[in-house]
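The next block is coords_35.txt, given as compact mmCIF, C-alpha atoms.
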# COMPACT_ATOMS: atom_id res chain seq x y z
CA MET J 1 -15.54 -56.96 92.33
CA ARG J 2 -12.25 -58.74 92.53
CA ALA J 3 -12.21 -62.21 91.02
CA ASN J 4 -11.25 -65.09 93.28
CA SER J 5 -8.31 -66.10 91.12
CA ASP J 6 -6.81 -62.62 91.59
CA ASP J 7 -7.23 -62.92 95.35
CA ALA J 8 -5.36 -66.21 95.21
CA GLY J 9 -2.65 -64.70 93.00
CA TYR J 10 -2.27 -61.87 95.50
CA ALA J 11 -1.85 -64.29 98.40
CA VAL J 12 0.61 -66.46 96.48
CA SER J 13 2.76 -63.44 95.65
CA LEU J 14 2.69 -62.29 99.26
CA CYS J 15 3.73 -65.77 100.42
CA ARG J 16 6.59 -65.72 97.90
CA ILE J 17 7.85 -62.40 99.27
CA VAL J 18 7.69 -63.63 102.87
CA LEU J 19 9.41 -66.89 101.94
CA LEU J 20 12.22 -65.06 100.11
CA ALA J 21 12.70 -62.70 103.06
CA VAL J 22 12.88 -65.65 105.47
CA ILE J 23 15.49 -67.39 103.29
CA GLY J 24 17.53 -64.18 103.19
CA ILE J 25 17.36 -63.71 106.96
CA LEU J 26 18.29 -67.36 107.58
CA LEU J 27 21.30 -66.99 105.25
CA CYS J 28 22.50 -63.90 107.14
CA VAL J 29 22.01 -65.60 110.49
CA ALA J 30 23.88 -68.68 109.27
CA VAL J 31 26.90 -66.65 108.14
CA VAL J 32 27.01 -64.28 111.11
CA GLU J 33 26.45 -66.98 113.76
CA HIS J 34 28.63 -69.63 112.12
CA PRO J 35 31.44 -67.83 110.29
CA GLN J 36 33.93 -70.21 108.68
CA ASP J 37 36.83 -68.39 110.41
CA ARG J 38 37.80 -65.25 112.34
CA LEU J 39 38.29 -63.17 109.20
CA VAL J 40 34.72 -63.76 108.08
CA ALA J 41 33.47 -63.05 111.60
CA GLN J 42 35.31 -59.72 111.50
CA LEU J 43 34.03 -58.69 108.09
CA VAL J 44 30.40 -59.81 108.23
CA SER J 45 28.01 -58.59 110.91
CA TYR J 46 24.26 -57.97 110.99
CA HIS J 47 24.98 -54.26 110.97
CA ARG J 48 27.18 -54.40 107.88
CA VAL J 49 24.73 -56.59 105.95
CA LEU J 50 21.89 -54.22 106.85
CA VAL J 51 23.90 -51.18 105.76
CA LEU J 52 24.82 -52.78 102.44
CA LEU J 53 21.23 -53.94 101.92
CA GLY J 54 20.00 -50.41 102.56
CA GLN J 55 22.55 -48.97 100.14
CA HIS J 56 21.56 -51.52 97.52
CA LEU J 57 17.86 -50.72 97.89
CA SER J 58 18.43 -46.98 97.78
CA ILE J 59 20.61 -47.19 94.65
CA VAL J 60 18.00 -49.37 92.92
CA ALA J 61 15.15 -47.09 94.01
CA SER J 62 16.95 -43.90 92.92
CA ALA J 63 18.01 -45.30 89.55
CA SER J 64 14.55 -46.76 88.88
CA ALA J 65 12.84 -43.51 89.88
CA LEU J 66 15.20 -41.57 87.62
CA ALA J 67 14.43 -43.91 84.72
CA ILE J 68 10.64 -43.89 85.23
CA LEU J 69 10.42 -40.11 85.68
CA THR J 70 12.36 -39.45 82.48
CA ALA J 71 11.25 -42.32 80.24
CA VAL J 72 7.46 -42.18 80.74
CA PRO J 73 7.09 -38.40 80.10
CA ALA J 74 9.54 -38.69 77.20
CA GLY J 75 7.53 -41.58 75.77
CA VAL J 76 4.30 -39.59 76.10
CA LEU J 77 5.85 -36.51 74.49
CA LEU J 78 7.35 -38.46 71.61
CA THR J 79 4.03 -40.09 70.72
CA ARG J 80 2.24 -36.73 70.39
CA PRO J 81 1.15 -36.01 66.80
CA ARG J 82 4.00 -33.51 66.34
CA PHE J 83 6.66 -36.16 66.91
CA ARG J 84 4.69 -39.20 65.78
CA ALA J 85 6.56 -39.56 62.49
CA TRP J 86 9.81 -40.05 64.38
CA THR J 87 8.54 -42.82 66.65
CA PRO J 88 9.70 -45.82 64.56
CA ARG J 89 13.15 -44.26 64.20
CA LEU J 90 13.28 -43.60 67.95
CA ILE J 91 12.32 -47.18 68.76
CA GLY J 92 15.18 -48.25 66.47
CA LEU J 93 17.55 -45.91 68.31
CA ALA J 94 16.37 -47.20 71.69
CA ARG J 95 17.03 -50.72 70.39
CA ILE J 96 20.64 -49.77 69.54
CA GLY J 97 21.02 -48.20 72.97
CA GLN J 98 19.70 -51.33 74.62
CA ALA J 99 22.39 -53.38 72.91
CA VAL J 100 25.06 -51.48 74.86
CA PRO J 101 25.99 -53.68 77.84
CA GLY J 102 25.21 -52.32 81.32
CA LEU J 103 28.78 -52.80 82.45
CA ALA J 104 29.94 -50.67 79.50
CA VAL J 105 27.56 -47.87 80.45
CA ILE J 106 28.79 -47.96 84.05
CA ALA J 107 32.41 -48.02 82.84
CA LEU J 108 31.83 -45.11 80.45
CA SER J 109 30.26 -43.10 83.27
CA VAL J 110 33.26 -43.81 85.47
CA GLY J 111 35.59 -42.67 82.71
CA LEU J 112 33.64 -39.43 82.36
CA LEU J 113 32.40 -38.71 85.90
CA GLY J 114 34.78 -40.55 88.23
CA VAL J 115 33.75 -43.14 90.83
CA GLY J 116 30.96 -42.73 93.39
CA THR J 117 27.34 -43.46 94.17
CA MET J 118 26.05 -40.73 91.83
CA THR J 119 27.94 -42.25 88.90
CA ALA J 120 26.41 -45.64 89.60
CA ILE J 121 22.88 -44.22 89.91
CA LEU J 122 23.20 -42.14 86.74
CA ALA J 123 24.58 -45.05 84.71
CA MET J 124 21.93 -47.45 85.97
CA GLY J 125 19.19 -44.90 85.38
CA LEU J 126 20.42 -44.47 81.81
CA CYS J 127 20.49 -48.24 81.21
CA SER J 128 17.06 -48.91 82.64
CA LEU J 129 15.47 -45.90 80.94
CA LEU J 130 15.50 -47.56 77.54
CA PRO J 131 13.25 -50.57 78.23
CA ILE J 132 10.67 -48.23 79.81
CA LEU J 133 10.89 -45.73 76.93
CA ASN J 134 10.68 -48.53 74.39
CA ASN J 135 7.59 -50.04 76.06
CA THR J 136 5.90 -46.65 76.53
CA LEU J 137 6.38 -45.83 72.84
CA THR J 138 5.27 -49.28 71.72
CA GLY J 139 2.32 -49.36 74.14
CA ILE J 140 0.92 -45.96 73.14
CA ASN J 141 1.57 -46.65 69.46
CA ALA J 142 -0.36 -49.91 69.69
CA VAL J 143 -3.56 -48.15 70.75
CA ASP J 144 -6.11 -48.65 67.98
CA PRO J 145 -6.45 -45.34 66.04
CA ALA J 146 -10.19 -46.06 65.76
CA LEU J 147 -10.46 -45.68 69.55
CA LEU J 148 -8.73 -42.30 69.40
CA ALA J 149 -11.03 -41.20 66.59
CA ALA J 150 -14.02 -42.35 68.62
CA ALA J 151 -12.78 -40.40 71.66
CA HIS J 152 -12.31 -37.28 69.55
CA GLY J 153 -15.74 -37.78 68.01
CA MET J 154 -17.29 -38.00 71.48
CA GLY J 155 -15.76 -34.61 72.22
CA VAL J 156 -13.10 -35.81 74.67
CA ALA J 157 -10.42 -33.13 75.13
CA PRO J 158 -6.97 -34.09 73.70
CA ARG J 159 -5.54 -33.97 77.25
CA HIS J 160 -8.12 -36.48 78.42
CA VAL J 161 -7.58 -38.71 75.39
CA LEU J 162 -4.07 -39.20 76.77
CA THR J 163 -4.99 -39.74 80.42
CA ARG J 164 -8.25 -41.68 79.95
CA VAL J 165 -7.63 -43.65 76.75
CA GLU J 166 -4.00 -43.92 75.72
CA LEU J 167 -2.24 -44.27 79.09
CA PRO J 168 -4.70 -46.79 80.61
CA LEU J 169 -4.45 -48.94 77.47
CA ALA J 170 -0.64 -48.70 77.41
CA LEU J 171 -0.31 -49.22 81.17
CA ALA J 172 0.34 -52.97 81.00
CA MET J 173 3.19 -52.42 78.51
CA ILE J 174 4.65 -49.57 80.58
CA MET J 175 4.49 -51.68 83.75
CA ALA J 176 6.27 -54.52 81.94
CA GLY J 177 9.01 -52.06 81.00
CA ILE J 178 9.30 -50.85 84.59
CA ARG J 179 9.43 -54.44 85.83
CA SER J 180 12.35 -55.30 83.57
CA ALA J 181 14.05 -52.00 84.43
CA VAL J 182 13.90 -52.76 88.17
CA THR J 183 15.21 -56.31 87.60
CA ILE J 184 18.07 -54.91 85.50
CA ASN J 185 18.82 -52.38 88.24
CA ILE J 186 18.97 -54.94 91.04
CA GLY J 187 21.57 -56.86 89.05
CA ALA J 188 23.43 -53.76 87.93
CA ALA J 189 23.56 -52.43 91.49
CA VAL J 190 25.86 -55.37 92.26
CA LEU J 191 28.32 -53.76 89.83
CA ALA J 192 27.94 -50.42 91.61
CA ALA J 193 30.25 -51.75 94.32
CA PHE J 194 33.11 -51.70 91.79
CA VAL J 195 32.68 -48.00 91.17
CA GLY J 196 32.48 -47.09 94.83
CA GLY J 197 28.70 -47.07 94.91
CA GLY J 198 28.38 -49.51 97.81
CA GLY J 199 25.64 -52.11 97.99
CA LEU J 200 25.64 -55.89 98.30
CA GLY J 201 28.25 -56.26 95.54
CA GLU J 202 30.79 -55.28 98.21
CA LEU J 203 30.26 -58.66 99.86
CA ILE J 204 31.11 -60.40 96.57
CA ILE J 205 34.24 -58.28 96.15
CA THR J 206 35.29 -58.81 99.77
CA GLY J 207 34.60 -62.54 99.53
CA ASN J 208 36.58 -62.82 96.32
CA THR J 209 39.50 -60.76 97.67
CA ILE J 210 39.90 -62.85 100.82
CA SER J 211 38.69 -65.99 98.96
CA ARG J 212 35.98 -66.89 101.46
CA VAL J 213 33.14 -68.71 99.74
CA GLN J 214 30.73 -67.95 102.57
CA VAL J 215 30.93 -64.19 102.09
CA MET J 216 30.69 -64.52 98.30
CA VAL J 217 27.62 -66.75 98.49
CA LEU J 218 25.92 -64.30 100.84
CA GLY J 219 26.73 -61.40 98.50
CA ALA J 220 25.45 -63.34 95.50
CA ALA J 221 22.32 -64.77 97.12
CA LEU J 222 20.91 -61.59 98.65
CA PRO J 223 20.59 -59.61 95.38
CA MET J 224 19.16 -62.73 93.75
CA LEU J 225 16.50 -63.05 96.47
CA MET J 226 15.85 -59.33 96.10
CA ALA J 227 15.30 -59.73 92.34
CA LEU J 228 12.88 -62.60 92.91
CA ALA J 229 11.05 -60.61 95.59
CA ALA J 230 10.77 -57.63 93.24
CA ASP J 231 9.27 -59.95 90.65
CA ALA J 232 6.66 -61.06 93.20
CA VAL J 233 5.92 -57.43 94.11
CA PHE J 234 5.25 -56.66 90.45
CA ASP J 235 3.00 -59.71 90.23
CA MET J 236 1.03 -58.26 93.16
CA ILE J 237 0.78 -54.90 91.40
CA ASP J 238 -0.44 -56.67 88.25
CA HIS J 239 -3.11 -58.52 90.24
CA GLY J 240 -4.08 -55.25 91.91
CA MET J 241 -4.44 -53.52 88.53
CA LYS J 242 -6.81 -56.19 87.25
CA LEU J 243 -9.44 -55.21 89.87
CA MET D 1 44.13 -37.40 75.71
CA ASP D 2 44.36 -40.40 78.01
CA LEU D 3 42.17 -42.53 75.76
CA VAL D 4 44.18 -41.89 72.58
CA GLY D 5 47.45 -42.51 74.40
CA PHE D 6 46.15 -45.78 75.74
CA LEU D 7 44.89 -46.92 72.33
CA ALA D 8 48.26 -46.09 70.72
CA SER D 9 50.48 -47.68 73.34
CA ARG D 10 48.48 -50.79 74.16
CA TRP D 11 46.97 -51.79 70.81
CA GLN D 12 48.43 -55.29 71.01
CA ALA D 13 46.82 -55.99 74.38
CA ILE D 14 43.59 -54.47 73.06
CA LEU D 15 43.54 -56.79 70.08
CA GLN D 16 44.40 -59.79 72.25
CA LEU D 17 41.67 -59.14 74.82
CA THR D 18 39.12 -58.41 72.10
CA ALA D 19 39.97 -61.72 70.42
CA GLU D 20 39.80 -63.50 73.77
CA HIS D 21 36.41 -61.93 74.45
CA LEU D 22 35.06 -63.06 71.09
CA VAL D 23 36.38 -66.61 71.58
CA ILE D 24 34.67 -66.92 74.98
CA VAL D 25 31.37 -65.50 73.73
CA VAL D 26 31.33 -67.49 70.47
CA THR D 27 32.16 -70.75 72.28
CA ALA D 28 29.46 -70.14 74.87
CA MET D 29 26.93 -69.14 72.22
CA ALA D 30 27.63 -72.24 70.13
CA ILE D 31 26.92 -74.47 73.14
CA SER D 32 24.00 -72.32 74.24
CA VAL D 33 22.25 -72.28 70.84
CA ILE D 34 22.49 -76.08 70.47
CA LEU D 35 21.30 -76.66 74.04
CA GLY D 36 18.56 -74.03 73.83
CA VAL D 37 17.18 -75.35 70.53
CA VAL D 38 17.20 -78.95 71.77
CA ILE D 39 15.49 -78.03 75.06
CA GLY D 40 13.08 -75.68 73.30
CA ILE D 41 12.01 -78.42 70.88
CA ALA D 42 11.89 -81.11 73.58
CA ILE D 43 9.47 -79.17 75.78
CA THR D 44 6.97 -78.68 72.94
CA PHE D 45 5.96 -82.31 73.50
CA ASN D 46 4.98 -81.86 77.14
CA ARG D 47 3.05 -78.90 78.50
CA ALA D 48 3.93 -79.57 82.16
CA ALA D 49 7.63 -79.89 81.38
CA ALA D 50 7.46 -76.68 79.34
CA ARG D 51 6.00 -74.78 82.28
CA ILE D 52 8.68 -75.99 84.66
CA VAL D 53 11.58 -75.40 82.27
CA LEU D 54 10.41 -71.92 81.31
CA LYS D 55 9.86 -71.00 84.98
CA PHE D 56 13.34 -72.22 85.84
CA ALA D 57 14.92 -70.36 82.91
CA ASN D 58 13.06 -67.22 84.02
CA LEU D 59 14.49 -67.68 87.50
CA MET D 60 18.03 -67.94 86.11
CA MET D 61 17.58 -64.58 84.42
CA THR D 62 16.81 -62.79 87.67
CA ILE D 63 20.13 -63.83 89.19
CA PRO D 64 22.50 -60.86 88.87
CA SER D 65 25.19 -61.94 86.41
CA LEU D 66 28.10 -61.05 88.68
CA ALA D 67 26.47 -63.06 91.47
CA LEU D 68 26.08 -66.07 89.19
CA PHE D 69 29.75 -65.94 88.21
CA ALA D 70 30.76 -65.51 91.84
CA LEU D 71 28.76 -68.61 92.77
CA LEU D 72 30.48 -70.61 90.02
CA ILE D 73 33.98 -69.86 91.33
CA PRO D 74 33.80 -72.34 94.25
CA VAL D 75 32.45 -75.01 91.86
CA LEU D 76 34.54 -74.59 88.72
CA GLY D 77 37.33 -72.29 89.88
CA LEU D 78 38.53 -69.06 88.33
CA GLY D 79 38.82 -68.95 84.58
CA LYS D 80 37.23 -69.64 81.23
CA ALA D 81 35.27 -72.76 82.25
CA SER D 82 33.25 -70.79 84.83
CA ALA D 83 32.74 -67.98 82.35
CA ILE D 84 31.44 -70.25 79.62
CA VAL D 85 29.12 -72.21 81.94
CA GLY D 86 27.76 -68.93 83.34
CA LEU D 87 27.21 -67.50 79.87
CA VAL D 88 25.46 -70.63 78.64
CA ALA D 89 23.17 -70.71 81.68
CA TYR D 90 22.39 -67.03 81.30
CA THR D 91 21.56 -67.04 77.59
CA GLN D 92 19.26 -70.07 77.76
CA LEU D 93 16.04 -68.20 78.54
CA PRO D 94 15.74 -66.11 75.35
CA LEU D 95 16.64 -69.15 73.26
CA ILE D 96 14.35 -71.70 74.92
CA ARG D 97 11.48 -69.24 75.04
CA THR D 98 11.68 -68.22 71.38
CA VAL D 99 12.16 -71.77 70.08
CA TYR D 100 9.20 -72.95 72.15
CA ALA D 101 7.00 -70.01 71.18
CA GLY D 102 8.11 -70.30 67.54
CA ILE D 103 6.96 -73.90 67.33
CA MET D 104 3.82 -73.56 69.45
CA THR D 105 2.48 -70.64 67.41
CA ILE D 106 2.62 -72.54 64.10
CA ASP D 107 -0.86 -72.68 62.57
CA SER D 108 -2.29 -76.03 63.72
CA THR D 109 -4.04 -76.58 60.38
CA ILE D 110 -0.60 -76.89 58.77
CA ILE D 111 0.31 -79.71 61.15
CA VAL D 112 -3.07 -81.40 60.61
CA ALA D 113 -2.63 -81.14 56.84
CA ALA D 114 0.86 -82.63 57.08
CA ARG D 115 -0.44 -85.49 59.19
CA GLY D 116 -3.27 -86.00 56.71
CA MET D 117 -0.71 -86.28 53.93
CA GLY D 118 0.77 -89.19 55.90
CA LEU D 119 3.97 -87.51 57.11
CA SER D 120 5.59 -89.09 60.17
CA ASP D 121 6.06 -87.13 63.41
CA ARG D 122 9.80 -86.94 62.68
CA THR D 123 9.30 -85.51 59.23
CA ILE D 124 6.75 -83.03 60.54
CA LEU D 125 9.25 -81.86 63.18
CA PHE D 126 12.26 -81.44 60.90
CA LYS D 127 10.59 -80.50 57.61
CA ILE D 128 7.75 -78.34 58.90
CA LYS D 129 7.99 -77.23 62.52
CA VAL D 130 11.69 -76.37 62.67
CA PRO D 131 11.82 -74.46 59.36
CA LEU D 132 8.66 -72.52 60.24
CA ALA D 133 10.06 -71.61 63.65
CA LEU D 134 13.33 -70.36 62.14
CA PRO D 135 12.55 -66.60 62.26
CA ALA D 136 11.61 -66.86 65.94
CA VAL D 137 14.77 -68.86 66.66
CA MET D 138 16.89 -66.24 64.87
CA ALA D 139 15.32 -63.50 67.01
CA GLY D 140 16.21 -65.51 70.12
CA ILE D 141 19.80 -65.97 68.94
CA ARG D 142 20.08 -62.22 68.36
CA THR D 143 18.92 -61.38 71.88
CA ALA D 144 21.09 -64.07 73.44
CA ALA D 145 24.22 -63.05 71.50
CA VAL D 146 23.94 -59.38 72.45
CA MET D 147 23.34 -60.34 76.07
CA GLY D 148 26.27 -62.77 75.99
CA ILE D 149 28.68 -60.10 74.75
CA GLY D 150 27.81 -57.81 77.65
CA ILE D 151 27.85 -60.49 80.32
CA GLY D 152 31.09 -61.87 78.88
CA ALA D 153 32.74 -58.67 80.12
CA ILE D 154 31.68 -59.45 83.67
CA ALA D 155 33.55 -62.74 83.28
CA GLY D 156 36.71 -60.61 83.24
CA TYR D 157 36.25 -60.31 86.99
CA ILE D 158 36.57 -64.06 87.52
CA GLY D 159 39.80 -64.34 85.58
CA ALA D 160 38.36 -65.40 82.24
CA GLY D 161 40.07 -62.59 80.33
CA GLY D 162 38.30 -60.60 77.63
CA LEU D 163 37.40 -56.92 77.52
CA GLY D 164 36.11 -56.94 81.10
CA VAL D 165 39.75 -57.06 82.19
CA PHE D 166 40.28 -53.50 80.93
CA ILE D 167 37.16 -52.29 82.70
CA PHE D 168 37.85 -53.91 86.08
CA GLN D 169 41.62 -53.24 86.06
CA GLY D 170 41.07 -49.72 84.78
CA ILE D 171 38.69 -48.95 87.63
CA ASN D 172 41.13 -50.41 90.17
CA ARG D 173 44.04 -48.40 88.80
CA THR D 174 41.87 -45.34 88.09
CA SER D 175 43.04 -45.39 84.49
CA ASP D 176 40.27 -43.68 82.54
CA GLY D 177 41.89 -44.54 79.21
CA MET D 178 41.77 -48.24 80.07
CA VAL D 179 38.16 -48.13 81.31
CA LEU D 180 36.94 -46.16 78.30
CA THR D 181 38.79 -48.40 75.83
CA GLY D 182 37.17 -51.51 77.28
CA ALA D 183 33.72 -49.93 77.47
CA ILE D 184 33.79 -48.43 73.97
CA ILE D 185 35.05 -51.56 72.19
CA LEU D 186 32.55 -53.68 74.13
CA SER D 187 29.68 -51.38 73.16
CA LEU D 188 30.73 -51.32 69.52
CA ILE D 189 30.89 -55.12 69.34
CA ALA D 190 27.45 -55.41 70.95
CA ILE D 191 25.85 -52.82 68.65
CA LEU D 192 27.48 -54.32 65.56
CA THR D 193 26.35 -57.84 66.47
CA ASP D 194 22.82 -56.59 67.10
CA GLN D 195 22.70 -54.83 63.73
CA VAL D 196 24.22 -57.70 61.73
CA LEU D 197 21.95 -60.33 63.31
CA GLY D 198 19.04 -57.93 62.79
CA GLN D 199 19.83 -57.86 59.07
CA VAL D 200 20.05 -61.66 58.95
CA LEU D 201 16.74 -61.88 60.83
CA GLY D 202 15.12 -59.48 58.37
CA ARG D 203 16.32 -61.61 55.47
CA VAL D 204 15.01 -64.84 57.04
CA GLN D 205 11.64 -63.19 57.72
CA ARG D 206 11.37 -61.86 54.19
CA ARG D 207 11.95 -65.33 52.78
CA PHE D 208 9.00 -66.57 54.83
CA ASP D 209 6.42 -63.97 53.97
CA PRO D 210 7.35 -62.35 50.68
Please lay out the structure from this file as structure tokens.
Amino acid sequence: MRANSDDAGYAVSLCRIVLLAVIGILLCVAVVEHPQDRLVAQLVSYHRVLVLLGQHLSIVASASALAILTAVPAGVLLTRPRFRAWTPRLIGLARIGQAVPGLAVIALSVGLLGVGTMTAILAMGLCSLLPILNNTLTGINAVDPALLAAAHGMGVAPRHVLTRVELPLALAMIMAGIRSAVTINIGAAVLAAFVGGGGLGELIITGNTISRVQVMVLGAALPMLMALAADAVFDMIDHGMKL
Amino acid sequence: MDLVGFLASRWQAILQLTAEHLVIVVTAMAISVILGVVIGIAITFNRAAARIVLKFANLMMTIPSLALFALLIPVLGLGKASAIVGLVAYTQLPLIRTVYAGIMTIDSTIIVAARGMGLSDRTILFKIKVPLALPAVMAGIRTAAVMGIGIGAIAGYIGAGGLGVFIFQGINRTSDGMVLTGAIILSLIAILTDQVLGQVLGRVQRRFDP
């Protein structure tokens, strides 16, 4: 049975998401209905904001999916007994990789692959892969060896030790990694606009180029609201997992 | 190759922008560490305040860095001031959180013993709590510094100079050599800082539990 406090947490998160969406819509309406001048009116419309929002979401979703689908299996593989000895060294390597700034990764990808949406998605996927990998390795490594021994002793097949013991116990860590990866991606997707990837960053660039604060604020606020909403979504998932 | 040609012909500009980048980041970090440590210590005295401050700092972190800088332009204008304020705001969370956690996780029997020995609250703070929280604080500084180096590059977009200039200008002019130079130097500085501060952290930790 679900505890009452989790029900409340669920509702609070849902309210947060709705509130953030309302703020975002109000901001769009304010800019589109009351542009500061003709130039802004020309450049910002509901349609354009929706298109950029859609692009932003799809870049974030693609990059996050890419990161999750590579990092989690890689983390599982690298914690198998055969590779176990390497795990501490790999965590160290992931740590070095995480020190590389996101903008540098995007810039390196541009230098090697040229501009475009694919470049942005690949670079963001690469950046956000490391926190997930790191947490998967750490989470599985932190499982008490006594539990594994007990599972083996009870005759649980090695495959089921992974799916019924290790992964469920590491799930909270893995989810935390995915949460930070998605947050990183929402911010990094703003930079995608510079490399021709589209997304809400275009509003910031446009606003800065024509020096119209209104457009810049809209471009800055929407990704921020999106990041906060994503945080609330992950809170909901966390509450759901505690059933 | 484009990259080698760029490195050879523009080494003066490269040195200048690298120096500029370091000045911005070091200035911001100096302010940020002082502010973060003071706030982190201050909120250990009040649980409600701690909750609010940590929530707010968490919120700051979710703002995309480019968006934060963009929002600072109308307030502080283009240039280094906006960059430094943005960097300080952005690097507060890891610092405040680690200072706070570092002090709150000190074994309470140590504090009770100190009080029993008749030490004043001030002495307990500066002679016991702060030194014991030092490893945690160092870990926070490491995270914040590495973050600051990366975000400092984004400040190149708002006219603050630094290595971001190469990246943004290079993309605009489709000069791969320029983009790669900026990205590679930036990455090397970040990795080096992470490693060096990691060594320092290791040394501090070893002094605490030999």
If you take all atoms listed in the file and a cut-off of 8 Å, which residues of chain D touch chain J, and what are their nearest atom pairs and distances in Å to one decimal, in chain and number order, as CSV?
residue,atom,partner,partner_atom,distance
D:Leu59,CA,J:Leu228,CA,7.6
D:Thr62,CA,J:Ala227,CA,5.8
D:Ile63,CA,J:Met224,CA,4.8
D:Pro64,CA,J:Gly187,CA,4.1
D:Ser65,CA,J:Gly187,CA,6.8
D:Leu66,CA,J:Val190,CA,7.1
D:Ala67,CA,J:Ala220,CA,4.2
D:Leu68,CA,J:Ala220,CA,6.9
D:Ala70,CA,J:Met216,CA,6.5
D:Leu71,CA,J:Val217,CA,6.1
D:Pro74,CA,J:Val213,CA,6.6
D:Val146,CA,J:Ala99,CA,6.2
D:Met147,CA,J:Pro101,CA,7.4
D:Ile149,CA,J:Pro101,CA,7.6
D:Gly150,CA,J:Pro101,CA,4.5
D:Ile151,CA,J:Pro101,CA,7.5
D:Ala153,CA,J:Leu103,CA,7.5
D:Ile154,CA,J:Leu103,CA,7.4
D:Ile167,CA,J:Ala107,CA,6.4
D:Phe168,CA,J:Phe194,CA,7.7
D:Ile171,CA,J:Val195,CA,7.0
D:Asp176,CA,J:Gly111,CA,4.8
D:Gly177,CA,J:Gly111,CA,7.4
D:Val179,CA,J:Ala107,CA,6.0
D:Leu180,CA,J:Leu108,CA,5.6
D:Gly182,CA,J:Ala104,CA,7.6
D:Ala183,CA,J:Ala104,CA,4.4
D:Ile184,CA,J:Ala104,CA,7.1
D:Leu186,CA,J:Ala104,CA,6.7
D:Ser187,CA,J:Val100,CA,4.9
D:Leu188,CA,J:Val100,CA,7.8
D:Ala190,CA,J:Ala99,CA,5.8
D:Ile191,CA,J:Ala99,CA,5.5
D:Asp194,CA,J:Ala99,CA,6.7
D:Gln195,CA,J:Ile96,CA,8.0
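Interatomic distance, CA of Ala136 (chain D) against CA of Val88 (chain D): 19.2 Å.
Of note, CA of Pro135 (chain D) and CA of Leu54 (chain D) are spaced 19.9 Å apart.
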For this session: For CA of Leu129 (chain J) and CA of Ala94 (chain J), quote the distance in Å rounded to one decimal.
Result: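 Interatomic distance here is 9.4 Å.
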For this session: Write out as a PyMOL selection string the residues lying within 12 Å of region 36-44 of chain D, counting only C-alpha atoms and excluding same-chain residues fewer than 3 positions away.
Result: chain D and resi 28-33+47-54+57+88-106+125-126+129-130+133-134+136-138+140-141+144
For this session: Give me the residues within 8 Å of Ala83 (chain D) as a PyMOL selection string, counting only C-alpha atoms and dropping any in the same chain fewer than 6 places off.
Result: chain D and resi 24+69+152+155+158+160
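Closest approach to Glu20 (chain D) among D:Lys80, D:Arg173, D:Gly118, D:Leu132: D:Lys80, based on all atoms listed in the file.
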For this session: For Ser9 (chain D), please output as a list in words all residues within 12 Å (counting all atoms listed in the file; exclusion window: fewer than 5 positions along the same chain).
Result: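 Near neighbours after the sequence-gap exclusion: Asp2, Leu3, Val4, Ile14, Leu15, Gly177, Met178 and Thr181 of chain D.
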Problem set entry | Residue list as JSON, numbers by chain for point (26.9, -55.0, 107.6), cut-off 12 Å, only C-alpha atoms | {"J": [28, 31, 32, 40, 41, 42, 43, 44, 45, 46, 47, 48, 49, 50, 51, 52, 53, 54, 55, 56, 198, 199, 200, 202, 203, 215, 218, 219]}
